[in-house]
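Reproduced below: coords.pdb, with PDB, C-alpha atoms.
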ATOM      1  CA  MET A   1     -66.346  59.470  45.039
ATOM      2  CA  LYS A   2     -69.122  59.402  42.420
ATOM      3  CA  THR A   3     -68.936  63.193  42.154
ATOM      4  CA  ILE A   4     -65.185  63.102  41.452
ATOM      5  CA  LEU A   5     -65.620  60.328  38.898
ATOM      6  CA  SER A   6     -68.481  62.214  37.189
ATOM      7  CA  ALA A   7     -66.438  65.427  37.068
ATOM      8  CA  ALA A   8     -63.441  63.588  35.618
ATOM      9  CA  LEU A   9     -65.641  61.937  32.989
ATOM     10  CA  VAL A  10     -67.237  65.261  31.965
ATOM     11  CA  LEU A  11     -63.841  66.983  31.727
ATOM     12  CA  GLY A  12     -62.437  64.065  29.760
ATOM     13  CA  LEU A  13     -65.316  64.137  27.271
ATOM     14  CA  CYS A  14     -65.021  67.919  26.877
ATOM     15  CA  GLY A  15     -61.314  67.468  26.189
ATOM     16  CA  LEU A  16     -62.045  64.847  23.538
ATOM     17  CA  ALA A  17     -64.660  67.042  21.872
ATOM     18  CA  GLY A  18     -62.219  69.949  21.802
ATOM     19  CA  ALA A  19     -59.479  67.765  20.356
ATOM     20  CA  ARG A  20     -61.808  66.455  17.651
ATOM     21  CA  ASP A  21     -62.805  70.007  16.658
ATOM     22  CA  GLU A  22     -59.165  71.078  16.578
ATOM     23  CA  LYS A  23     -58.262  68.133  14.322
ATOM     24  CA  ALA A  24     -60.852  69.178  11.767
ATOM     25  CA  ASP A  25     -59.732  72.823  11.518
ATOM     26  CA  PRO A  26     -58.874  73.450   7.848
ATOM     27  CA  VAL A  27     -57.960  77.138   8.265
ATOM     28  CA  GLY A  28     -54.344  77.864   7.394
ATOM     29  CA  THR A  29     -51.757  77.428   4.665
ATOM     30  CA  TRP A  30     -50.983  73.880   3.541
ATOM     31  CA  LYS A  31     -47.990  72.681   1.497
ATOM     32  CA  CYS A  32     -49.291  69.929  -0.778
ATOM     33  CA  GLU A  33     -47.329  67.157  -2.483
ATOM     34  CA  TYR A  34     -48.602  64.679  -5.047
ATOM     35  CA  GLU A  35     -47.491  62.602  -8.029
ATOM     36  CA  ILE A  36     -48.967  62.529 -11.514
ATOM     37  CA  GLY A  37     -47.330  60.359 -14.148
ATOM     38  CA  ASP A  38     -44.344  59.546 -11.898
ATOM     39  CA  MET A  39     -43.590  63.267 -11.537
ATOM     40  CA  LYS A  40     -43.573  64.846  -8.079
ATOM     41  CA  ARG A  41     -45.580  68.047  -7.949
ATOM     42  CA  THR A  42     -46.387  70.685  -5.355
ATOM     43  CA  SER A  43     -49.054  73.251  -4.631
ATOM     44  CA  THR A  44     -50.081  75.539  -1.794
ATOM     45  CA  LEU A  45     -53.600  75.454  -0.402
ATOM     46  CA  THR A  46     -54.825  78.416   1.650
ATOM     47  CA  ILE A  47     -58.105  78.117   3.571
ATOM     48  CA  LYS A  48     -59.752  81.061   5.374
ATOM     49  CA  LYS A  49     -62.995  81.718   7.196
ATOM     50  CA  ASP A  50     -65.289  84.078   5.308
ATOM     51  CA  GLY A  51     -67.984  84.808   7.882
ATOM     52  CA  ASP A  52     -69.430  81.394   8.689
ATOM     53  CA  LYS A  53     -68.247  79.893   5.381
ATOM     54  CA  LEU A  54     -64.895  78.598   4.199
ATOM     55  CA  ALA A  55     -63.040  80.092   1.240
ATOM     56  CA  GLY A  56     -59.546  79.831  -0.145
ATOM     57  CA  THR A  57     -57.088  79.614  -2.997
ATOM     58  CA  MET A  58     -54.765  77.071  -4.592
ATOM     59  CA  THR A  59     -51.385  78.068  -5.977
ATOM     60  CA  TRP A  60     -49.120  75.976  -8.220
ATOM     61  CA  PRO A  61     -45.605  76.921  -9.403
ATOM     62  CA  ASP A  62     -47.056  78.192 -12.716
ATOM     63  CA  GLN A  63     -50.482  79.457 -11.552
ATOM     64  CA  LYS A  64     -51.153  81.751  -8.611
ATOM     65  CA  ASP A  65     -54.117  82.226  -6.254
ATOM     66  CA  GLU A  66     -56.830  80.283  -8.093
ATOM     67  CA  PRO A  67     -60.081  80.732  -6.095
ATOM     68  CA  LEU A  68     -61.587  77.536  -4.678
ATOM     69  CA  LYS A  69     -65.197  76.629  -5.427
ATOM     70  CA  ASP A  70     -67.739  74.843  -3.198
ATOM     71  CA  VAL A  71     -65.474  74.652  -0.128
ATOM     72  CA  LYS A  72     -67.093  72.378   2.466
ATOM     73  CA  LEU A  73     -66.052  70.695   5.690
ATOM     74  CA  LYS A  74     -68.063  67.698   6.844
ATOM     75  CA  ASP A  75     -67.019  65.072   9.398
ATOM     76  CA  GLY A  76     -63.355  66.133   9.159
ATOM     77  CA  THR A  77     -63.299  65.919   5.358
ATOM     78  CA  LEU A  78     -62.561  69.040   3.325
ATOM     79  CA  SER A  79     -63.924  69.100  -0.229
ATOM     80  CA  PHE A  80     -63.604  71.740  -2.946
ATOM     81  CA  SER A  81     -62.700  72.231  -6.592
ATOM     82  CA  ALA A  82     -60.163  74.430  -8.359
ATOM     83  CA  VAL A  83     -59.593  75.204 -12.036
ATOM     84  CA  ARG A  84     -56.135  74.222 -13.262
ATOM     85  CA  LYS A  85     -54.940  76.049 -16.372
ATOM     86  CA  LEU A  86     -52.529  73.978 -18.471
ATOM     87  CA  MET A  87     -51.388  74.614 -22.045
ATOM     88  CA  GLY A  88     -54.440  76.711 -22.883
ATOM     89  CA  ASN A  89     -56.867  74.230 -21.289
ATOM     90  CA  GLU A  90     -58.950  74.649 -18.145
ATOM     91  CA  ILE A  91     -59.339  71.504 -16.051
ATOM     92  CA  THR A  92     -61.576  71.418 -12.986
ATOM     93  CA  VAL A  93     -59.901  69.348 -10.282
ATOM     94  CA  GLU A  94     -62.102  67.995  -7.476
ATOM     95  CA  TYR A  95     -60.456  67.448  -4.075
ATOM     96  CA  LYS A  96     -61.578  65.368  -1.092
ATOM     97  CA  LEU A  97     -59.138  65.594   1.827
ATOM     98  CA  LYS A  98     -59.276  64.145   5.353
ATOM     99  CA  ILE A  99     -57.889  66.477   8.030
ATOM    100  CA  ASP A 100     -55.817  64.946  10.828
ATOM    101  CA  GLY A 101     -54.370  67.737  12.987
ATOM    102  CA  ASP A 102     -51.700  69.469  10.901
ATOM    103  CA  LYS A 103     -51.797  66.873   8.106
ATOM    104  CA  ILE A 104     -54.149  66.210   5.231
ATOM    105  CA  LYS A 105     -54.446  63.098   3.084
ATOM    106  CA  GLY A 106     -56.840  62.486   0.263
ATOM    107  CA  LYS A 107     -57.443  62.480  -3.441
ATOM    108  CA  GLY A 108     -57.700  64.887  -6.300
ATOM    109  CA  GLY A 109     -59.366  63.977  -9.561
ATOM    110  CA  ALA A 110     -60.329  65.376 -12.921
ATOM    111  CA  ASP A 111     -61.744  64.337 -16.271
ATOM    112  CA  PHE A 112     -59.114  63.995 -18.999
ATOM    113  CA  GLY A 113     -60.642  63.270 -22.380
ATOM    114  CA  GLY A 114     -63.802  61.873 -20.810
ATOM    115  CA  GLN A 115     -61.872  59.606 -18.443
ATOM    116  CA  LYS A 116     -61.707  60.288 -14.687
ATOM    117  CA  GLN A 117     -58.159  60.198 -13.322
ATOM    118  CA  GLU A 118     -57.324  60.432  -9.623
ATOM    119  CA  PHE A 119     -54.150  61.055  -7.678
ATOM    120  CA  ASP A 120     -53.188  60.844  -4.006
ATOM    121  CA  ILE A 121     -52.324  64.096  -2.274
ATOM    122  CA  GLU A 122     -50.779  64.845   1.123
ATOM    123  CA  ALA A 123     -50.256  68.178   2.835
ATOM    124  CA  LYS A 124     -48.779  69.670   5.979
ATOM    125  CA  ARG A 125     -49.958  72.867   7.608
ATOM    126  CA  GLU A 126     -47.366  75.638   7.632
ATOM    127  CA  LYS A 127     -46.614  77.080  11.044
ATOM    128  CA  ASP A 128     -47.445  80.751  11.582
ATOM    129  CA  LYS A 129     -44.405  82.935  11.085
TER     130      LYS A 129
END

Re-express the file's structure as structure tokens.
Amino acid sequence: MKTILSAALVLGLCGLAGARDEKADPVGTWKCEYEIGDMKRTSTLTIKKDGDKLAGTMTWPDQKDEPLKDVKLKDGTLSFSAVRKLMGNEITVEYKLKIDGDKIKGKGGADFGGQKQEFDIEAKREKDK
């Protein structure tokens, strides 16, 4: 009886560890939605494995394939920055996003005129076609 219980416990823990790893997988294409100044906005985040590191791009309706900088995954939280080009200005936006399966929630933020402004962002992973 102890052997069966031990085996069940080991299998259960392995299953939980696998599920936790799967939850924190950032690789894929994510459709992002957020609001700035009461305006709904969208972007597409693409994360890939580059050897043992993460890399990716961010695309907005008016700016395509901006390379991400300092892409890191720690404890299920994905962090990176991307340069947003608006009206001749370059704004570095810092992102910190918590991965939960095929969903992401977190914040983006940037300095505007010396003042840090943040916004909430949510994303869903696109299914492979």

Given the point (-58.4, 71.7, -12.4) in the file's coordinates, find the residues that have an atom at most 6 Å from it, counting all atoms listed in the file, and give them as an NGL selection string.
:A and (82-84 or 91-93)

Taking all atoms of stretch 67-77 of chain A that the file lists and extending 8 Å past them on each side, where is the centre of the axis-aligned box and how long are its edges? Answer in Å to one decimal, as JSON.
{"center_x": -64.1, "center_y": 72.9, "center_z": 1.7, "size_x": 24.0, "size_y": 31.7, "size_z": 31.5}

So which residues touch stretch 55-68 of chain A within 8 Å, counting all atoms listed in the file, skipping near sequence neighbours fewer than 6 positions away, as a ChimeraX atom specification?
/A:42-49,80-85

Between atom CA of A:Asp25 and atom CA of A:Lys116, what is the distance in Å, rounded to a tenth?
29.1 Å

Give as JSON, numbers by chain the residues that the PyMOL selection byres ((chain A and resi 105) around 9) matches when applied to the coordinates above.
{"A": [96, 97, 98, 99, 100, 103, 104, 106, 107, 120, 121, 122, 123]}

Between atom CA of A:Ala110 and atom CA of A:Ile36, what distance in Å does the model show, to one decimal?
11.8 Å

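What separates atom CA of A:Lys72 from atom CA of A:Tyr95 is a distance of 10.5 Å.
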
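With all atoms listed in the file as the atoms that count, the residue of A:Asp102, A:Asp70, A:Asp52, A:Asp128 with the shortest distance to A:Cys32 is A:Asp102.
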
Out of A:Glu126, A:Val27, A:Phe119, A:Lys53, which residue has the shortest atom-to-atom distance to A:Met39 when counting only C-alpha atoms?
A:Phe119

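Candidate residues A:Arg125, A:Ser79, A:Asn89, A:Leu54 were compared for distance to A:Phe112, and the nearest is A:Asn89, using all atoms listed in the file.
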